[in-house]
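Dumped target_8.cif below, it's mmCIF, C-alpha atoms (C1' of nucleotides):
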data_protein
#
loop_
_atom_site.label_atom_id
_atom_site.label_comp_id
_atom_site.auth_asym_id
_atom_site.auth_seq_id
_atom_site.Cartn_x
_atom_site.Cartn_y
_atom_site.Cartn_z
CA MET J 1 11.91 26.86 -17.98
CA ARG J 2 10.01 25.94 -21.15
CA ILE J 3 7.97 22.73 -21.10
CA ALA J 4 6.24 21.17 -24.11
CA THR J 5 3.79 18.27 -24.23
CA PHE J 6 3.71 16.31 -27.49
CA ASN J 7 1.88 13.10 -28.48
CA ILE J 8 4.39 11.82 -31.05
CA ASN J 9 2.37 8.77 -32.25
CA GLY J 10 5.27 6.31 -32.35
CA ILE J 11 8.98 6.91 -31.73
CA LYS J 12 10.06 4.80 -34.71
CA ALA J 13 7.86 6.74 -37.13
CA ARG J 14 8.75 10.10 -35.55
CA PHE J 15 12.49 9.62 -34.99
CA GLU J 16 13.58 12.19 -37.57
CA GLY J 17 10.75 14.65 -37.01
CA LEU J 18 11.19 14.58 -33.24
CA THR J 19 14.95 15.06 -33.62
CA ASP J 20 14.46 18.10 -35.86
CA TRP J 21 11.88 19.54 -33.45
CA LEU J 22 14.14 19.09 -30.39
CA ASN J 23 17.06 20.71 -32.21
CA THR J 24 15.11 23.71 -33.47
CA SER J 25 12.38 24.36 -30.90
CA ALA J 26 14.66 23.20 -28.07
CA PRO J 27 12.30 22.61 -25.12
CA ASP J 28 13.95 22.37 -21.72
CA VAL J 29 11.48 19.60 -20.92
CA ALA J 30 9.60 17.49 -23.48
CA LEU J 31 6.71 15.36 -22.23
CA LEU J 32 6.04 12.69 -24.83
CA GLN J 33 3.05 10.40 -25.22
CA GLU J 34 2.37 7.38 -27.41
CA ILE J 35 6.02 6.46 -27.78
CA LYS J 36 4.71 2.97 -28.73
CA SER J 37 7.97 1.44 -27.55
CA GLN J 38 9.36 -0.67 -24.78
CA ASP J 39 11.94 0.96 -22.50
CA GLU J 40 14.68 -1.33 -23.88
CA THR J 41 14.11 -0.35 -27.52
CA PHE J 42 13.60 3.41 -27.01
CA PRO J 43 16.55 5.22 -28.69
CA ARG J 44 17.69 6.72 -25.39
CA GLU J 45 21.32 7.31 -26.35
CA HIS J 46 20.33 9.27 -29.44
CA PHE J 47 18.44 11.81 -27.35
CA GLU J 48 21.11 11.84 -24.67
CA ASP J 49 23.54 12.86 -27.43
CA LEU J 50 21.22 15.83 -28.12
CA GLY J 51 21.65 16.93 -24.50
CA TYR J 52 18.60 15.36 -22.88
CA THR J 53 18.17 13.18 -19.83
CA VAL J 54 15.71 10.45 -20.85
CA GLU J 55 13.19 8.67 -18.63
CA THR J 56 10.65 6.33 -20.22
CA HIS J 57 7.67 4.25 -19.16
CA GLY J 58 6.89 2.12 -22.18
CA GLN J 59 5.19 -1.04 -23.35
CA LYS J 60 5.16 -3.06 -26.55
CA GLY J 61 3.26 -1.54 -29.46
CA PHE J 62 0.90 0.86 -27.70
CA ASN J 63 0.75 3.77 -25.29
CA GLY J 64 4.00 4.66 -23.51
CA VAL J 65 5.19 7.99 -22.08
CA ALA J 66 8.58 9.66 -21.68
CA ILE J 67 10.25 12.72 -20.20
CA LEU J 68 13.20 14.30 -22.02
CA SER J 69 14.90 17.06 -20.03
CA LYS J 70 17.91 19.31 -20.45
CA LEU J 71 17.60 20.08 -16.74
CA PRO J 72 18.27 17.63 -13.90
CA LEU J 73 15.50 15.10 -13.18
CA GLU J 74 14.91 13.64 -9.74
CA ASP J 75 12.48 11.30 -8.00
CA VAL J 76 11.11 9.64 -11.14
CA SER J 77 7.89 7.68 -10.61
CA ARG J 78 6.19 5.43 -13.16
CA GLY J 79 2.51 4.45 -13.35
CA LEU J 80 -0.61 6.23 -12.10
CA PRO J 81 -1.38 5.00 -8.56
CA GLY J 82 -4.71 3.44 -7.68
CA ASP J 83 -4.90 0.17 -9.63
CA PRO J 84 -2.10 -2.41 -9.24
CA ASN J 85 -3.68 -4.50 -12.05
CA ASP J 86 -3.43 -1.69 -14.65
CA GLU J 87 -0.73 -2.73 -17.11
CA GLN J 88 -1.08 0.20 -19.53
CA ALA J 89 1.88 2.62 -19.58
CA ARG J 90 0.23 6.04 -19.37
CA TRP J 91 1.92 8.00 -16.57
CA ILE J 92 5.41 9.14 -15.59
CA GLU J 93 6.39 12.01 -13.30
CA ALA J 94 9.60 13.60 -12.05
CA THR J 95 10.93 16.73 -10.40
CA VAL J 96 12.70 19.19 -12.72
CA THR J 97 14.90 21.85 -11.18
CA ASP J 98 16.26 25.00 -12.75
CA ARG J 99 15.93 27.98 -10.42
CA LYS J 100 13.04 26.30 -8.60
CA PRO J 101 11.87 22.67 -8.50
CA VAL J 102 8.72 21.79 -10.45
CA ARG J 103 6.91 18.45 -10.23
CA VAL J 104 6.16 17.47 -13.82
CA CYS J 105 3.67 14.72 -14.70
CA CYS J 106 3.35 13.30 -18.22
CA LEU J 107 0.07 11.52 -18.94
CA TYR J 108 -1.70 9.71 -21.76
CA LEU J 109 -5.33 9.49 -20.72
CA PRO J 110 -7.32 6.59 -22.27
CA ASN J 111 -9.25 7.38 -25.45
CA GLY J 112 -12.33 5.51 -24.20
CA ASN J 113 -14.04 4.73 -27.49
CA PRO J 114 -16.35 3.07 -28.17
CA ALA J 115 -18.63 4.65 -25.57
CA PRO J 116 -20.45 3.37 -23.71
CA GLY J 117 -18.51 0.17 -23.07
CA GLU J 118 -15.58 -1.40 -21.24
CA LYS J 119 -13.06 1.03 -22.70
CA TYR J 120 -15.15 3.99 -21.61
CA ASP J 121 -15.48 2.56 -18.11
CA TYR J 122 -11.67 2.25 -18.00
CA LYS J 123 -11.32 5.88 -19.08
CA LEU J 124 -13.64 7.16 -16.36
CA ALA J 125 -11.96 4.96 -13.72
CA TRP J 126 -8.55 6.28 -14.86
CA MET J 127 -9.84 9.85 -14.48
CA ARG J 128 -10.91 9.08 -10.90
CA ARG J 129 -7.38 7.88 -10.18
CA LEU J 130 -6.01 11.03 -11.84
CA GLN J 131 -8.23 13.14 -9.59
CA HIS J 132 -6.79 11.36 -6.56
CA ARG J 133 -3.21 11.99 -7.64
CA ALA J 134 -4.14 15.60 -8.44
CA LEU J 135 -5.37 16.08 -4.87
CA GLU J 136 -2.05 14.77 -3.55
CA LEU J 137 -0.14 17.21 -5.76
CA LEU J 138 -2.28 20.10 -4.53
CA ALA J 139 -1.58 19.12 -0.93
CA THR J 140 2.18 19.58 -1.48
CA GLU J 141 1.54 23.29 -2.15
CA GLU J 142 4.46 23.17 -4.58
CA PRO J 143 4.55 24.04 -8.30
CA ALA J 144 3.22 21.04 -10.24
CA VAL J 145 2.22 20.48 -13.86
CA MET J 146 0.03 17.63 -15.14
CA ALA J 147 0.42 17.64 -18.91
CA GLY J 148 -0.30 15.37 -21.80
CA ASP J 149 -2.89 13.94 -24.14
CA TYR J 150 -6.03 14.07 -22.01
CA ASN J 151 -8.30 12.78 -24.78
CA VAL J 152 -10.81 15.33 -23.46
CA ILE J 153 -12.45 18.13 -25.47
CA PRO J 154 -13.29 20.36 -22.51
CA GLN J 155 -15.87 22.63 -24.16
CA ASP J 156 -17.60 23.12 -27.51
CA GLU J 157 -15.17 25.91 -28.44
CA ASP J 158 -12.36 23.31 -28.29
CA ALA J 159 -13.65 21.58 -31.44
CA ALA J 160 -14.15 22.88 -34.97
CA ARG J 161 -17.29 20.74 -35.29
CA PRO J 162 -18.57 20.17 -31.73
CA ASP J 163 -21.72 18.39 -32.89
CA ALA J 164 -19.63 15.68 -34.56
CA TRP J 165 -18.06 14.82 -31.18
CA ARG J 166 -21.18 15.01 -29.00
CA GLU J 167 -21.48 11.22 -28.45
CA ASP J 168 -17.74 10.52 -28.60
CA ALA J 169 -15.77 9.43 -25.52
CA LEU J 170 -13.66 12.62 -25.86
CA ALA J 171 -16.62 14.95 -25.35
CA ARG J 172 -19.46 13.06 -23.63
CA PRO J 173 -20.94 14.83 -20.62
CA GLU J 174 -19.41 12.32 -18.14
CA THR J 175 -15.97 12.94 -19.65
CA ARG J 176 -16.31 16.70 -19.46
CA ALA J 177 -17.67 16.49 -15.91
CA ALA J 178 -14.73 14.37 -14.76
CA PHE J 179 -12.27 16.84 -16.34
CA ARG J 180 -14.10 19.77 -14.76
CA GLU J 181 -14.00 18.08 -11.34
CA ILE J 182 -10.20 18.01 -11.56
CA LEU J 183 -10.02 21.64 -12.71
CA ASN J 184 -12.37 22.65 -9.91
CA LEU J 185 -9.99 21.25 -7.30
CA GLY J 186 -7.94 24.34 -8.11
CA PHE J 187 -6.02 23.65 -11.33
CA THR J 188 -5.49 26.13 -14.14
CA ASP J 189 -5.91 25.09 -17.79
CA ALA J 190 -2.76 26.88 -18.94
CA PHE J 191 -3.91 27.56 -22.50
CA ARG J 192 -7.31 28.93 -21.49
CA ALA J 193 -5.63 31.21 -18.94
CA ARG J 194 -3.94 32.90 -21.90
CA ARG J 195 -6.46 32.55 -24.74
CA GLN J 196 -10.25 32.47 -24.63
CA ASP J 197 -11.02 32.53 -28.34
CA PRO J 198 -12.11 29.46 -30.33
CA GLY J 199 -10.25 27.85 -33.22
CA HIS J 200 -7.12 26.65 -31.39
CA TYR J 201 -6.50 22.92 -31.60
CA SER J 202 -3.77 20.39 -30.75
CA PHE J 203 -4.98 17.39 -32.81
CA TRP J 204 -6.12 17.01 -36.40
CA ASP J 205 -7.14 13.64 -37.86
CA TYR J 206 -4.95 12.24 -40.63
CA GLN J 207 -8.09 11.75 -42.70
CA ARG J 208 -9.89 14.23 -44.98
CA ASN J 209 -7.10 16.85 -44.92
CA ALA J 210 -8.30 17.84 -41.47
CA PHE J 211 -5.26 20.03 -40.74
CA ASP J 212 -5.56 22.06 -43.95
CA ARG J 213 -9.21 22.76 -43.08
CA ASN J 214 -8.36 23.39 -39.38
CA ASP J 215 -10.90 20.71 -38.53
CA GLY J 216 -9.27 19.97 -35.18
CA ILE J 217 -9.83 19.47 -31.48
CA ARG J 218 -7.97 20.73 -28.39
CA ILE J 219 -7.21 17.65 -26.30
CA ASP J 220 -3.57 18.17 -25.20
CA HIS J 221 -3.58 20.16 -21.97
CA LEU J 222 -1.30 21.46 -19.24
CA LEU J 223 -2.99 21.70 -15.85
CA LEU J 224 -1.16 23.79 -13.26
CA THR J 225 -1.36 24.02 -9.49
CA ALA J 226 -1.72 27.56 -8.16
CA GLN J 227 1.99 27.64 -7.34
CA ALA J 228 2.82 26.70 -10.94
CA ALA J 229 0.22 29.04 -12.45
CA ASP J 230 1.84 31.92 -10.54
CA LEU J 231 5.09 31.13 -12.37
CA MET J 232 3.59 30.90 -15.86
CA SER J 233 4.56 33.68 -18.26
CA ASP J 234 3.14 32.19 -21.47
CA CYS J 235 1.35 29.24 -23.10
CA TRP J 236 1.03 28.51 -26.81
CA ILE J 237 0.29 25.82 -29.39
CA GLU J 238 3.03 25.16 -31.96
CA ALA J 239 0.60 24.30 -34.76
CA GLU J 240 3.22 24.62 -37.51
CA VAL J 241 4.74 21.26 -36.48
CA ARG J 242 1.55 19.47 -37.60
CA GLY J 243 2.13 20.69 -41.16
CA ARG J 244 5.60 19.20 -41.53
CA GLU J 245 6.68 16.10 -43.45
CA ARG J 246 5.30 12.83 -42.03
CA PRO J 247 3.84 14.47 -38.89
CA SER J 248 2.21 13.13 -35.78
CA ASP J 249 -1.53 13.75 -35.69
CA HIS J 250 -0.90 15.93 -32.59
CA THR J 251 1.19 19.10 -32.28
CA PRO J 252 3.21 20.42 -29.30
CA VAL J 253 1.66 22.64 -26.62
CA TRP J 254 4.04 24.79 -24.58
CA ILE J 255 4.29 26.67 -21.32
CA GLU J 256 7.01 28.98 -20.09
CA LEU J 257 7.54 29.14 -16.33
CA ASN J 258 9.63 31.59 -14.34
CA ALA J 259 11.23 28.64 -12.64
"C1'" DA A 1 -20.08 4.19 -45.26
"C1'" DT A 2 -15.51 5.71 -46.00
"C1'" DG A 3 -11.47 8.45 -46.41
"C1'" DT A 4 -5.23 7.87 -42.81
"C1'" DC A 5 -1.80 6.51 -40.06
"C1'" DG A 6 1.41 3.29 -36.79
"C1'" DG A 7 2.56 -1.12 -35.04
"C1'" DC A 8 2.16 -6.09 -34.85
"C1'" DA A 9 2.34 -10.68 -36.63
"C1'" DT A 10 4.24 -12.22 -40.56
"C1'" DT A 11 6.61 -12.18 -45.49
"C1'" DG A 12 1.72 -9.97 -47.99
"C1'" DT A 13 -1.79 -8.40 -45.69
"C1'" DG A 14 -5.28 -8.09 -42.29
"C1'" DC A 15 -6.25 -6.50 -37.59
"C1'" DC A 16 -6.30 -3.31 -33.77
"C1'" DG A 17 -6.10 1.26 -31.90
"C1'" DA A 18 -6.61 5.98 -32.63
#

Structure encoded using structure tokens:
Amino acid sequence: MRIATFNINGIKARFEGLTDWLNTSAPDVALLQEIKSQDETFPREHFEDLGYTVETHGQKGFNGVAILSKLPLEDVSRGLPGDPNDEQARWIEATVTDRKPVRVCCLYLPNGNPAPGEKYDYKLAWMRRLQHRALELLATEEPAVMAGDYNVIPQDEDAARPDAWREDALARPETRAAFREILNLGFTDAFRARRQDPGHYSFWDYQRNAFDRNDGIRIDHLLLTAQAADLMSDCWIEAEVRGRERPSDHTPVWIELNA
DNA sequence: ATGTCGGCATTGTGCCGA
């Protein structure tokens, strides 16, 4: 089972590019963030015609997450638990079954800028709720994947210019500590389990030809429970997608599971 | 200081979010 996480930055703007990517790279499961669409206006039938089951959790104009799967999806759940007043669409999860069932969570963690401030407080509160859900997933002792745009640069080697991000909500010490707390519960950062060298990124700003200069950051992550990590055979970043015509500012990150 | 996008409200362009 091959799973890819991809912040597409708008389904309307990415309709053709996403279609080409699904047809050529052909993930079994695509976890999409920033669909920037309501459920009613997401082009569900188009992707069903490509062979995918489509589950969305959207809102008007901003945020929004979706799961596209060639494999059966069960027990879909929308919204990160822990705050009934949170109206931002940033979390959807479902069980995907091929040979073995895997709980797959698709998340779009708040950006949090400017920091400090209200938006940063919301980010840190959201990360506390994520930690709580992560604990529940661990307790199932089943394979589970929490993947998406974390808006977290975990360590200096995850940025081309770490000093430029030092005060940013994506890299502040409180952000990194909250991410580390979740990892330290027992999750595996799939990419770092495979590659320890610097220079690998999942996001490049549209400005200043950042992609051509590889002036990027690694903020799209797949966190695995021990039972999922035991199934992982590979993890890679498909950087080439960022260089295509009219791209998202993010690029897909993949795992392959023996599941 | 700014550089670029996407989407919205609105119909020409400015604002917000990233």

Write out as a PDB file with C-alpha atoms, in the frame of the given file each polymer residue whose atoms come within 8 Å of region 88-99 of chain J, counting only C-alpha atoms (C1' of nucleotides); drop sequence neighbours fewer than 5 positions from it.
ATOM      1  CA  MET J   1      11.910  26.860 -17.980  1.00  0.00           C
ATOM      2  CA  GLN J  33       3.050  10.400 -25.220  1.00  0.00           C
ATOM      3  CA  THR J  56      10.650   6.330 -20.220  1.00  0.00           C
ATOM      4  CA  HIS J  57       7.670   4.250 -19.160  1.00  0.00           C
ATOM      5  CA  GLY J  58       6.890   2.120 -22.180  1.00  0.00           C
ATOM      6  CA  GLN J  59       5.190  -1.040 -23.350  1.00  0.00           C
ATOM      7  CA  ASN J  63       0.750   3.770 -25.290  1.00  0.00           C
ATOM      8  CA  GLY J  64       4.000   4.660 -23.510  1.00  0.00           C
ATOM      9  CA  VAL J  65       5.190   7.990 -22.080  1.00  0.00           C
ATOM     10  CA  ALA J  66       8.580   9.660 -21.680  1.00  0.00           C
ATOM     11  CA  ILE J  67      10.250  12.720 -20.200  1.00  0.00           C
ATOM     12  CA  SER J  69      14.900  17.060 -20.030  1.00  0.00           C
ATOM     13  CA  LEU J  71      17.600  20.080 -16.740  1.00  0.00           C
ATOM     14  CA  PRO J  72      18.270  17.630 -13.900  1.00  0.00           C
ATOM     15  CA  LEU J  73      15.500  15.100 -13.180  1.00  0.00           C
ATOM     16  CA  GLU J  74      14.910  13.640  -9.740  1.00  0.00           C
ATOM     17  CA  ASP J  75      12.480  11.300  -8.000  1.00  0.00           C
ATOM     18  CA  VAL J  76      11.110   9.640 -11.140  1.00  0.00           C
ATOM     19  CA  SER J  77       7.890   7.680 -10.610  1.00  0.00           C
ATOM     20  CA  ARG J  78       6.190   5.430 -13.160  1.00  0.00           C
ATOM     21  CA  GLY J  79       2.510   4.450 -13.350  1.00  0.00           C
ATOM     22  CA  LEU J  80      -0.610   6.230 -12.100  1.00  0.00           C
ATOM     23  CA  VAL J 104       6.160  17.470 -13.820  1.00  0.00           C
ATOM     24  CA  CYS J 105       3.670  14.720 -14.700  1.00  0.00           C
ATOM     25  CA  CYS J 106       3.350  13.300 -18.220  1.00  0.00           C
ATOM     26  CA  LEU J 107       0.070  11.520 -18.940  1.00  0.00           C
ATOM     27  CA  TYR J 108      -1.700   9.710 -21.760  1.00  0.00           C
ATOM     28  CA  LEU J 109      -5.330   9.490 -20.720  1.00  0.00           C
ATOM     29  CA  ALA J 259      11.230  28.640 -12.640  1.00  0.00           C
TER      30      ALA J 259
END

Just the residues within 12 Å of DG17 (chain A), please, counting only C-alpha atoms (C1' of nucleotides), with nothing from its chain fewer than 3 positions along; format it as a PyMOL selection string. (chain J and resi 9+34+36+61-63+110-114+119) or (chain A and resi 5-8)

Output the residue selection produced by the PyMOL selection byres ((chain J) within 7 of (chain A)) on the file above, formatted as a list of chain:residue names.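 Applying the PyMOL selection byres ((chain J) within 7 of (chain A)) to the structure shown produces J:Gly10, J:Gly61, J:Tyr206, J:Gln207, J:Arg208.
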
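CA of Glu256 (chain J) sits 24.5 Å away from CA of Arg14 (chain J).
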
What residues come out when you apply the PyMOL selection byres ((chain J and resi 22-26) around 12) to this file, written as an mmCIF file with C-alpha atoms, in the coordinates of the input?
data_model
loop_
_atom_site.group_PDB
_atom_site.id
_atom_site.type_symbol
_atom_site.label_atom_id
_atom_site.label_comp_id
_atom_site.auth_asym_id
_atom_site.auth_seq_id
_atom_site.Cartn_x
_atom_site.Cartn_y
_atom_site.Cartn_z
ATOM 1 C CA MET J 1 11.910 26.860 -17.980
ATOM 2 C CA ARG J 2 10.010 25.940 -21.150
ATOM 3 C CA ILE J 3 7.970 22.730 -21.100
ATOM 4 C CA ALA J 4 6.240 21.170 -24.110
ATOM 5 C CA PHE J 6 3.710 16.310 -27.490
ATOM 6 C CA ARG J 14 8.750 10.100 -35.550
ATOM 7 C CA PHE J 15 12.490 9.620 -34.990
ATOM 8 C CA GLU J 16 13.580 12.190 -37.570
ATOM 9 C CA GLY J 17 10.750 14.650 -37.010
ATOM 10 C CA LEU J 18 11.190 14.580 -33.240
ATOM 11 C CA THR J 19 14.950 15.060 -33.620
ATOM 12 C CA ASP J 20 14.460 18.100 -35.860
ATOM 13 C CA TRP J 21 11.880 19.540 -33.450
ATOM 14 C CA PRO J 27 12.300 22.610 -25.120
ATOM 15 C CA ASP J 28 13.950 22.370 -21.720
ATOM 16 C CA VAL J 29 11.480 19.600 -20.920
ATOM 17 C CA ALA J 30 9.600 17.490 -23.480
ATOM 18 C CA LEU J 31 6.710 15.360 -22.230
ATOM 19 C CA LEU J 32 6.040 12.690 -24.830
ATOM 20 C CA HIS J 46 20.330 9.270 -29.440
ATOM 21 C CA PHE J 47 18.440 11.810 -27.350
ATOM 22 C CA GLU J 48 21.110 11.840 -24.670
ATOM 23 C CA ASP J 49 23.540 12.860 -27.430
ATOM 24 C CA LEU J 50 21.220 15.830 -28.120
ATOM 25 C CA GLY J 51 21.650 16.930 -24.500
ATOM 26 C CA TYR J 52 18.600 15.360 -22.880
ATOM 27 C CA LEU J 68 13.200 14.300 -22.020
ATOM 28 C CA SER J 69 14.900 17.060 -20.030
ATOM 29 C CA LYS J 70 17.910 19.310 -20.450
ATOM 30 C CA GLU J 238 3.030 25.160 -31.960
ATOM 31 C CA GLU J 240 3.220 24.620 -37.510
ATOM 32 C CA VAL J 241 4.740 21.260 -36.480
ATOM 33 C CA PRO J 252 3.210 20.420 -29.300
ATOM 34 C CA VAL J 253 1.660 22.640 -26.620
ATOM 35 C CA TRP J 254 4.040 24.790 -24.580
#

Could you expand the PyMOL selection byres ((chain J and resi 250) around 6) into the explicit residues it covers here, written as a ChimeraX atom specification? /J:7,202-203,248-249,251

Can you pull out every residue within 12 Å of Arg133 (chain J), counting all atoms listed in the file, but drop anything in the same chain fewer than 2 positions away, and send it as number ranges by chain? J: 79-82, 91, 93, 105, 107, 126-131, 135-140, 144-146, 182, 185

Enter the distance from CA of Asp163 (chain J) to CA of Asp189 (chain J), in Å, rounded to one decimal. 22.9 Å

What is the distance, in Å and to one decimal place, between CA of His132 (chain J) and CA of Gln38 (chain J)?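 That distance, rounded to one decimal, is 27.2 Å.
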